[in-house]
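File shown here: work13.tsv, holding TSV, N, CA and C atoms.
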```
chain	number	residue	atom	x	y	z
A	353	MET	N	49.54	-34.37	-21.95
A	353	MET	CA	48.73	-34.40	-20.75
A	353	MET	C	47.32	-33.91	-21.08
A	354	ASP	N	46.37	-34.53	-20.42
A	354	ASP	CA	44.98	-34.11	-20.53
A	354	ASP	C	44.54	-33.54	-19.18
A	355	TYR	N	43.49	-32.76	-19.21
A	355	TYR	CA	42.97	-32.14	-18.00
A	355	TYR	C	41.59	-32.69	-17.69
A	356	PHE	N	41.35	-32.91	-16.40
A	356	PHE	CA	40.10	-33.51	-15.96
A	356	PHE	C	39.54	-32.72	-14.79
A	357	THR	N	38.23	-32.82	-14.62
A	357	THR	CA	37.56	-32.13	-13.52
A	357	THR	C	36.69	-33.13	-12.77
A	358	ILE	N	36.70	-32.97	-11.45
A	358	ILE	CA	35.85	-33.78	-10.58
A	358	ILE	C	34.69	-32.92	-10.13
A	359	GLU	N	33.51	-33.48	-10.26
A	359	GLU	CA	32.30	-32.79	-9.82
A	359	GLU	C	31.69	-33.58	-8.67
A	360	ILE	N	31.12	-32.84	-7.73
A	360	ILE	CA	30.34	-33.43	-6.65
A	360	ILE	C	28.93	-32.89	-6.77
A	361	GLY	N	28.00	-33.80	-7.01
A	361	GLY	CA	26.61	-33.38	-7.17
A	361	GLY	C	26.42	-32.35	-8.26
A	362	GLY	N	27.22	-32.45	-9.33
A	362	GLY	CA	27.10	-31.53	-10.45
A	362	GLY	C	27.91	-30.26	-10.35
A	363	GLN	N	28.59	-30.02	-9.21
A	363	GLN	CA	29.41	-28.82	-9.05
A	363	GLN	C	30.89	-29.17	-9.22
A	364	ALA	N	31.56	-28.46	-10.12
A	364	ALA	CA	32.99	-28.67	-10.33
A	364	ALA	C	33.73	-28.23	-9.07
A	365	ILE	N	34.53	-29.14	-8.49
A	365	ILE	CA	35.25	-28.79	-7.27
A	365	ILE	C	36.77	-28.85	-7.42
A	366	ALA	N	37.26	-29.67	-8.35
A	366	ALA	CA	38.71	-29.81	-8.50
A	366	ALA	C	39.06	-30.20	-9.92
A	367	SER	N	40.20	-29.71	-10.38
A	367	SER	CA	40.72	-30.08	-11.70
A	367	SER	C	42.16	-30.53	-11.54
A	368	PHE	N	42.58	-31.38	-12.45
A	368	PHE	CA	43.94	-31.89	-12.42
A	368	PHE	C	44.34	-32.35	-13.81
A	369	ARG	N	45.62	-32.56	-13.98
A	369	ARG	CA	46.10	-33.08	-15.25
A	369	ARG	C	46.55	-34.52	-15.04
A	370	SER	N	46.43	-35.28	-16.10
A	370	SER	CA	46.80	-36.68	-16.04
A	370	SER	C	47.29	-37.12	-17.41
A	371	GLU	N	48.09	-38.15	-17.42
A	371	GLU	CA	48.67	-38.66	-18.66
A	371	GLU	C	47.58	-39.08	-19.66
A	372	ASN	N	46.53	-39.72	-19.14
A	372	ASN	CA	45.45	-40.18	-20.02
A	372	ASN	C	44.21	-40.43	-19.17
A	373	ALA	N	43.13	-40.82	-19.83
A	373	ALA	CA	41.85	-41.03	-19.14
A	373	ALA	C	41.93	-42.17	-18.13
A	374	ASP	N	42.68	-43.21	-18.42
A	374	ASP	CA	42.79	-44.33	-17.48
A	374	ASP	C	43.50	-43.90	-16.20
A	375	ASP	N	44.58	-43.15	-16.33
A	375	ASP	CA	45.28	-42.65	-15.14
A	375	ASP	C	44.40	-41.70	-14.35
A	376	ALA	N	43.64	-40.87	-15.05
A	376	ALA	CA	42.73	-39.95	-14.37
A	376	ALA	C	41.68	-40.72	-13.59
A	377	LYS	N	41.16	-41.76	-14.19
A	377	LYS	CA	40.15	-42.59	-13.51
A	377	LYS	C	40.74	-43.26	-12.27
A	378	ASN	N	41.97	-43.75	-12.38
A	378	ASN	CA	42.63	-44.37	-11.22
A	378	ASN	C	42.78	-43.38	-10.08
A	379	PHE	N	43.19	-42.16	-10.40
A	379	PHE	CA	43.33	-41.12	-9.38
A	379	PHE	C	41.97	-40.80	-8.77
A	380	PHE	N	40.97	-40.62	-9.62
A	380	PHE	CA	39.62	-40.29	-9.20
A	380	PHE	C	39.04	-41.36	-8.28
A	381	GLU	N	39.34	-42.61	-8.54
A	381	GLU	CA	38.80	-43.72	-7.76
A	381	GLU	C	39.62	-44.07	-6.53
A	382	ALA	N	40.78	-43.43	-6.36
A	382	ALA	CA	41.66	-43.75	-5.23
A	382	ALA	C	40.99	-43.43	-3.90
A	383	GLU	N	41.04	-44.38	-3.01
A	383	GLU	CA	40.39	-44.25	-1.71
A	383	GLU	C	40.95	-43.07	-0.91
A	384	ASP	N	42.27	-42.85	-0.97
A	384	ASP	CA	42.85	-41.75	-0.19
A	384	ASP	C	42.37	-40.39	-0.69
A	385	PHE	N	42.20	-40.23	-2.00
A	385	PHE	CA	41.68	-38.98	-2.52
A	385	PHE	C	40.24	-38.77	-2.07
A	386	ARG	N	39.44	-39.81	-2.16
A	386	ARG	CA	38.04	-39.70	-1.74
A	386	ARG	C	37.94	-39.41	-0.25
A	387	GLU	N	38.83	-39.98	0.53
A	387	GLU	CA	38.84	-39.69	1.97
A	387	GLU	C	39.18	-38.22	2.20
A	388	ASP	N	40.14	-37.70	1.43
A	388	ASP	CA	40.49	-36.28	1.55
A	388	ASP	C	39.28	-35.39	1.31
A	389	LEU	N	38.43	-35.78	0.38
A	389	LEU	CA	37.24	-34.98	0.08
A	389	LEU	C	36.27	-34.91	1.24
A	390	THR	N	36.34	-35.89	2.15
A	390	THR	CA	35.45	-35.86	3.32
A	390	THR	C	36.06	-35.04	4.46
A	391	VAL	N	37.36	-34.78	4.39
A	391	VAL	CA	38.06	-34.01	5.43
A	391	VAL	C	38.15	-32.54	5.05
A	392	LEU	N	38.36	-32.29	3.76
A	392	LEU	CA	38.43	-30.90	3.30
A	392	LEU	C	37.02	-30.33	3.25
A	393	GLN	N	36.93	-29.04	3.52
A	393	GLN	CA	35.60	-28.43	3.52
A	393	GLN	C	35.60	-27.11	2.77
A	394	SER	N	34.42	-26.74	2.34
A	394	SER	CA	34.19	-25.47	1.66
A	394	SER	C	32.93	-24.86	2.25
A	395	GLN	N	33.01	-23.61	2.58
A	395	GLN	CA	31.89	-22.88	3.17
A	395	GLN	C	31.38	-23.57	4.44
A	396	GLY	N	32.32	-24.10	5.23
A	396	GLY	CA	31.98	-24.69	6.51
A	396	GLY	C	31.42	-26.09	6.47
A	397	LYS	N	31.38	-26.71	5.30
A	397	LYS	CA	30.84	-28.06	5.17
A	397	LYS	C	31.85	-28.94	4.46
A	398	PRO	N	31.87	-30.25	4.79
A	398	PRO	CA	32.77	-31.15	4.06
A	398	PRO	C	32.46	-31.08	2.56
A	399	ASP	N	33.50	-31.16	1.74
A	399	ASP	CA	33.29	-31.13	0.30
A	399	ASP	C	32.43	-32.29	-0.17
A	400	TRP	N	32.63	-33.43	0.46
A	400	TRP	CA	31.89	-34.61	0.03
A	400	TRP	C	31.38	-35.35	1.25
A	401	ASP	N	30.13	-35.76	1.21
A	401	ASP	CA	29.52	-36.47	2.33
A	401	ASP	C	29.71	-37.99	2.23
A	402	GLY	N	30.40	-38.45	1.22
A	402	GLY	CA	30.63	-39.87	1.04
A	402	GLY	C	29.51	-40.56	0.27
A	403	ALA	N	28.43	-39.85	-0.02
A	403	ALA	CA	27.29	-40.47	-0.68
A	403	ALA	C	26.89	-39.76	-1.98
A	404	THR	N	27.05	-38.44	-2.02
A	404	THR	CA	26.68	-37.68	-3.21
A	404	THR	C	27.52	-38.16	-4.40
A	405	THR	N	26.92	-38.17	-5.55
A	405	THR	CA	27.59	-38.68	-6.75
A	405	THR	C	28.81	-37.85	-7.10
A	406	LEU	N	29.93	-38.55	-7.30
A	406	LEU	CA	31.16	-37.96	-7.81
A	406	LEU	C	31.25	-38.31	-9.29
A	407	THR	N	31.62	-37.34	-10.11
A	407	THR	CA	31.80	-37.62	-11.53
A	407	THR	C	33.14	-37.06	-11.99
A	408	LEU	N	33.68	-37.72	-12.99
A	408	LEU	CA	34.93	-37.31	-13.62
A	408	LEU	C	34.62	-36.98	-15.07
A	409	ARG	N	35.12	-35.83	-15.52
A	409	ARG	CA	34.91	-35.43	-16.91
A	409	ARG	C	36.13	-34.67	-17.40
A	410	LYS	N	36.20	-34.48	-18.70
A	410	LYS	CA	37.26	-33.64	-19.27
A	410	LYS	C	37.07	-32.21	-18.76
A	411	ALA	N	38.17	-31.56	-18.45
A	411	ALA	CA	38.10	-30.17	-17.97
A	411	ALA	C	37.78	-29.23	-19.13
A	412	THR	N	37.10	-28.16	-18.78
A	412	THR	CA	36.89	-27.09	-19.76
A	412	THR	C	38.21	-26.35	-19.96
A	413	ALA	N	38.27	-25.52	-20.96
A	413	ALA	CA	39.49	-24.73	-21.20
A	413	ALA	C	39.79	-23.84	-20.00
A	414	GLU	N	38.77	-23.28	-19.39
A	414	GLU	CA	38.97	-22.41	-18.23
A	414	GLU	C	39.52	-23.21	-17.04
A	415	GLU	N	38.98	-24.40	-16.81
A	415	GLU	CA	39.46	-25.23	-15.70
A	415	GLU	C	40.91	-25.67	-15.94
A	416	ALA	N	41.23	-26.05	-17.17
A	416	ALA	CA	42.60	-26.43	-17.50
A	416	ALA	C	43.55	-25.26	-17.28
A	417	SER	N	43.09	-24.07	-17.62
A	417	SER	CA	43.90	-22.87	-17.41
A	417	SER	C	44.18	-22.64	-15.93
A	418	GLU	N	43.20	-22.93	-15.07
A	418	GLU	CA	43.38	-22.79	-13.62
A	418	GLU	C	44.51	-23.72	-13.15
A	419	VAL	N	44.55	-24.94	-13.67
A	419	VAL	CA	45.60	-25.90	-13.29
A	419	VAL	C	46.95	-25.37	-13.75
A	420	GLU	N	47.04	-24.94	-14.99
A	420	GLU	CA	48.30	-24.42	-15.51
A	420	GLU	C	48.78	-23.20	-14.72
A	421	HIS	N	47.87	-22.31	-14.42
A	421	HIS	CA	48.21	-21.10	-13.67
A	421	HIS	C	48.74	-21.46	-12.28
A	422	ALA	N	48.06	-22.37	-11.61
A	422	ALA	CA	48.51	-22.78	-10.27
A	422	ALA	C	49.86	-23.47	-10.33
A	423	TYR	N	50.08	-24.30	-11.34
A	423	TYR	CA	51.37	-24.99	-11.48
A	423	TYR	C	52.50	-23.98	-11.69
A	424	GLU	N	52.25	-22.95	-12.47
A	424	GLU	CA	53.27	-21.93	-12.74
A	424	GLU	C	53.73	-21.26	-11.46
A	425	PHE	N	52.82	-21.11	-10.49
A	425	PHE	CA	53.15	-20.41	-9.26
A	425	PHE	C	53.47	-21.34	-8.10
A	426	ASP	N	53.51	-22.65	-8.36
A	426	ASP	CA	53.86	-23.62	-7.33
A	426	ASP	C	55.33	-23.44	-6.98
A	427	ASP	N	55.62	-23.41	-5.67
A	427	ASP	CA	57.00	-23.17	-5.26
A	427	ASP	C	57.72	-24.43	-4.77
A	428	ASP	N	57.19	-25.61	-5.11
A	428	ASP	CA	57.83	-26.86	-4.72
A	428	ASP	C	58.88	-27.22	-5.76
A	429	PRO	N	60.17	-27.06	-5.42
A	429	PRO	CA	61.23	-27.34	-6.40
A	429	PRO	C	61.32	-28.82	-6.78
A	430	GLU	N	60.74	-29.69	-5.98
A	430	GLU	CA	60.78	-31.12	-6.26
A	430	GLU	C	59.73	-31.54	-7.29
A	431	ARG	N	58.70	-30.74	-7.47
A	431	ARG	CA	57.58	-31.10	-8.34
A	431	ARG	C	58.01	-31.02	-9.81
A	432	THR	N	57.60	-32.03	-10.57
A	432	THR	CA	57.86	-32.03	-12.00
A	432	THR	C	56.53	-31.95	-12.74
A	433	ILE	N	56.60	-31.73	-14.03
A	433	ILE	CA	55.42	-31.62	-14.86
A	433	ILE	C	54.59	-32.91	-14.83
A	434	ASP	N	55.23	-34.03	-14.53
A	434	ASP	CA	54.53	-35.32	-14.53
A	434	ASP	C	53.86	-35.64	-13.20
A	435	ASP	N	54.10	-34.87	-12.15
A	435	ASP	CA	53.50	-35.13	-10.85
A	435	ASP	C	52.01	-34.79	-10.87
A	436	GLU	N	51.26	-35.50	-10.01
A	436	GLU	CA	49.85	-35.17	-9.84
A	436	GLU	C	49.76	-33.75	-9.27
A	437	PHE	N	48.85	-32.99	-9.77
A	437	PHE	CA	48.70	-31.62	-9.33
A	437	PHE	C	47.22	-31.28	-9.38
A	438	VAL	N	46.60	-31.22	-8.22
A	438	VAL	CA	45.16	-30.98	-8.12
A	438	VAL	C	44.92	-29.53	-7.72
A	439	VAL	N	44.02	-28.89	-8.42
A	439	VAL	CA	43.65	-27.52	-8.12
A	439	VAL	C	42.17	-27.50	-7.76
A	440	PHE	N	41.89	-27.03	-6.55
A	440	PHE	CA	40.50	-26.92	-6.13
A	440	PHE	C	39.89	-25.66	-6.72
A	441	LEU	N	38.69	-25.79	-7.21
A	441	LEU	CA	37.99	-24.70	-7.87
A	441	LEU	C	37.05	-23.97	-6.93
A	442	VAL	N	37.01	-24.44	-5.69
A	442	VAL	CA	36.20	-23.81	-4.63
A	442	VAL	C	37.14	-23.52	-3.46
A	443	PRO	N	36.83	-22.54	-2.62
A	443	PRO	CA	37.67	-22.28	-1.45
A	443	PRO	C	37.70	-23.52	-0.55
A	444	ILE	N	38.87	-23.89	-0.09
A	444	ILE	CA	39.04	-25.13	0.69
A	444	ILE	C	39.71	-24.83	2.02
A	445	SER	N	39.24	-25.53	3.05
A	445	SER	CA	39.95	-25.55	4.33
A	445	SER	C	39.91	-26.98	4.84
A	446	ASP	N	40.73	-27.26	5.83
A	446	ASP	CA	40.85	-28.60	6.39
A	446	ASP	C	40.11	-28.63	7.72
A	447	ILE	N	39.17	-29.56	7.88
A	447	ILE	CA	38.39	-29.65	9.11
A	447	ILE	C	39.31	-29.79	10.32
A	448	ALA	N	40.33	-30.63	10.22
A	448	ALA	CA	41.25	-30.85	11.34
A	448	ALA	C	41.98	-29.56	11.71
A	449	GLU	N	42.42	-28.80	10.72
A	449	GLU	CA	43.10	-27.53	11.00
A	449	GLU	C	42.14	-26.54	11.64
A	450	ASP	N	40.90	-26.50	11.18
A	450	ASP	CA	39.91	-25.60	11.77
A	450	ASP	C	39.66	-25.95	13.23
A	451	ARG	N	39.63	-27.24	13.54
A	451	ARG	CA	39.46	-27.66	14.93
A	451	ARG	C	40.65	-27.24	15.79
A	452	ASP	N	41.86	-27.36	15.22
A	452	ASP	CA	43.06	-26.94	15.94
A	452	ASP	C	43.02	-25.45	16.22
A	453	ASP	N	42.57	-24.67	15.22
A	453	ASP	CA	42.48	-23.22	15.40
A	453	ASP	C	41.50	-22.86	16.49
A	454	GLU	N	40.38	-23.59	16.59
A	454	GLU	CA	39.40	-23.32	17.64
A	454	GLU	C	40.01	-23.58	19.01
A	455	GLY	N	40.86	-24.59	19.11
A	455	GLY	CA	41.50	-24.90	20.37
A	455	GLY	C	42.49	-23.84	20.80
A	456	ASP	N	43.04	-23.11	19.82
A	456	ASP	CA	43.99	-22.04	20.14
A	456	ASP	C	43.32	-20.87	20.84
A	457	ASP	N	42.02	-20.72	20.67
A	457	ASP	CA	41.30	-19.61	21.28
A	457	ASP	C	41.05	-19.81	22.76
A	458	ALA	N	41.14	-21.06	23.21
A	458	ALA	CA	40.82	-21.37	24.62
A	458	ALA	C	41.90	-20.96	25.57
```

Once you've parsed the file, please lay out its structure as structure tokens.
Amino acid sequence: MDYFTIEIGGQAIASFRSENADDAKNFFEAEDFREDLTVLQSQGKPDWDGATTLTLRKATAEEASEVEHAYEFDDDPERTIDDEFVVFLVPISDIAEDRDDEGDDA
């Protein structure tokens, strides 16, 4: 397995492992993943505005270590070493969940 990192506007936001560069590129280009990036937010803003340049590169040793560390502590008994496993390198929240939480205050 190889490790890859996705950058938005030059900032590393997520790392994952993939069988090879072609599989990583397919994951990176998947419409559902890109849509997720517009729904997930960091510091109160969507991670991706749909226009800023997204780039895929090999992960650094530190980023790969973050993926391994997160996988070790994953509690999903169904997950195998071959499953996609994305680790966000920035604090993440879901816009929809934040909206639901605001509604709970009313």

TODO: Please measure the separation of CA of Glu424 in chain A and CA of Asn378 in chain A, giving the value in Å to one decimal.
DONE: 24.9 Å

TODO: For atom C of Thr407 in chain A and CA of Asp428 in chain A, determine how far apart the two atoms are, in Å to one decimal place.
DONE: 27.7 Å

- [ ] Could you give me, as a ChimeraX atom specification, each residue of chain A that DSSP assigns to strand (DSSP E) when run on this structure's backbone?
- [x] /A:354-360,363-370,392-394,397-398,406-410,438-440,445-446

Open item on the list: Using all atoms listed in the file for the distances, tell me which of A:Asp446, A:Phe368, A:Thr405, A:Pro398 is nearest to Glu420 in chain A.
Closed with: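 For Glu420 in chain A, the nearest of the given residues is A:Phe368.
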
Task: atom N of Gly362 in chain A to CA of Arg409 in chain A, straight-line distance in Å - done: 11.2 Å

TODO: Rank nothing, just name the residue among A:Lys397, A:Ala413, A:Arg369, A:Thr404 nearest to Pro443 in chain A, using only C-alpha atoms.
DONE: A:Lys397

Task: Picked from range 364-456 of chain A by DSSP as helix (DSSP H, G or I), as JSON, numbers by chain - done: {"A": [373, 374, 375, 376, 377, 378, 379, 380, 381, 383, 384, 385, 386, 387, 388, 389, 390, 391, 413, 414, 415, 416, 417, 418, 419, 420, 421, 422, 423, 424, 447, 448, 449, 450, 451, 452, 453, 454, 455, 456]}

Open item on the list: So, with all atoms listed in the file as the atoms that count, which of A:Gly361, A:Leu441, A:Ser394, A:Phe380 lies closest to Glu415 in chain A?
Closed with: A:Leu441

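Among the candidate residues A:Asp384, A:Met353, A:Val442, A:Ser417, the one lying nearest to Ser370 in chain A is A:Met353, with distances computed using only C-alpha atoms.
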
- [ ] Just the residues within 10 Å of Ala422 in chain A, please, counting only C-alpha atoms, with nothing from its chain fewer than 5 positions along; format it as a PyMOL selection string.
- [x] chain A and resi 417+427+437-440

- [ ] Determine, counting all atoms listed in the file, which protein, DNA and RNA residues have an atom within 8 Å of an atom of range 399-403 of chain A; residues of the same chain fewer than 4 positions away are not included. Present the result as a PyMOL selection string.
- [x] chain A and resi 360-361+386+388-395
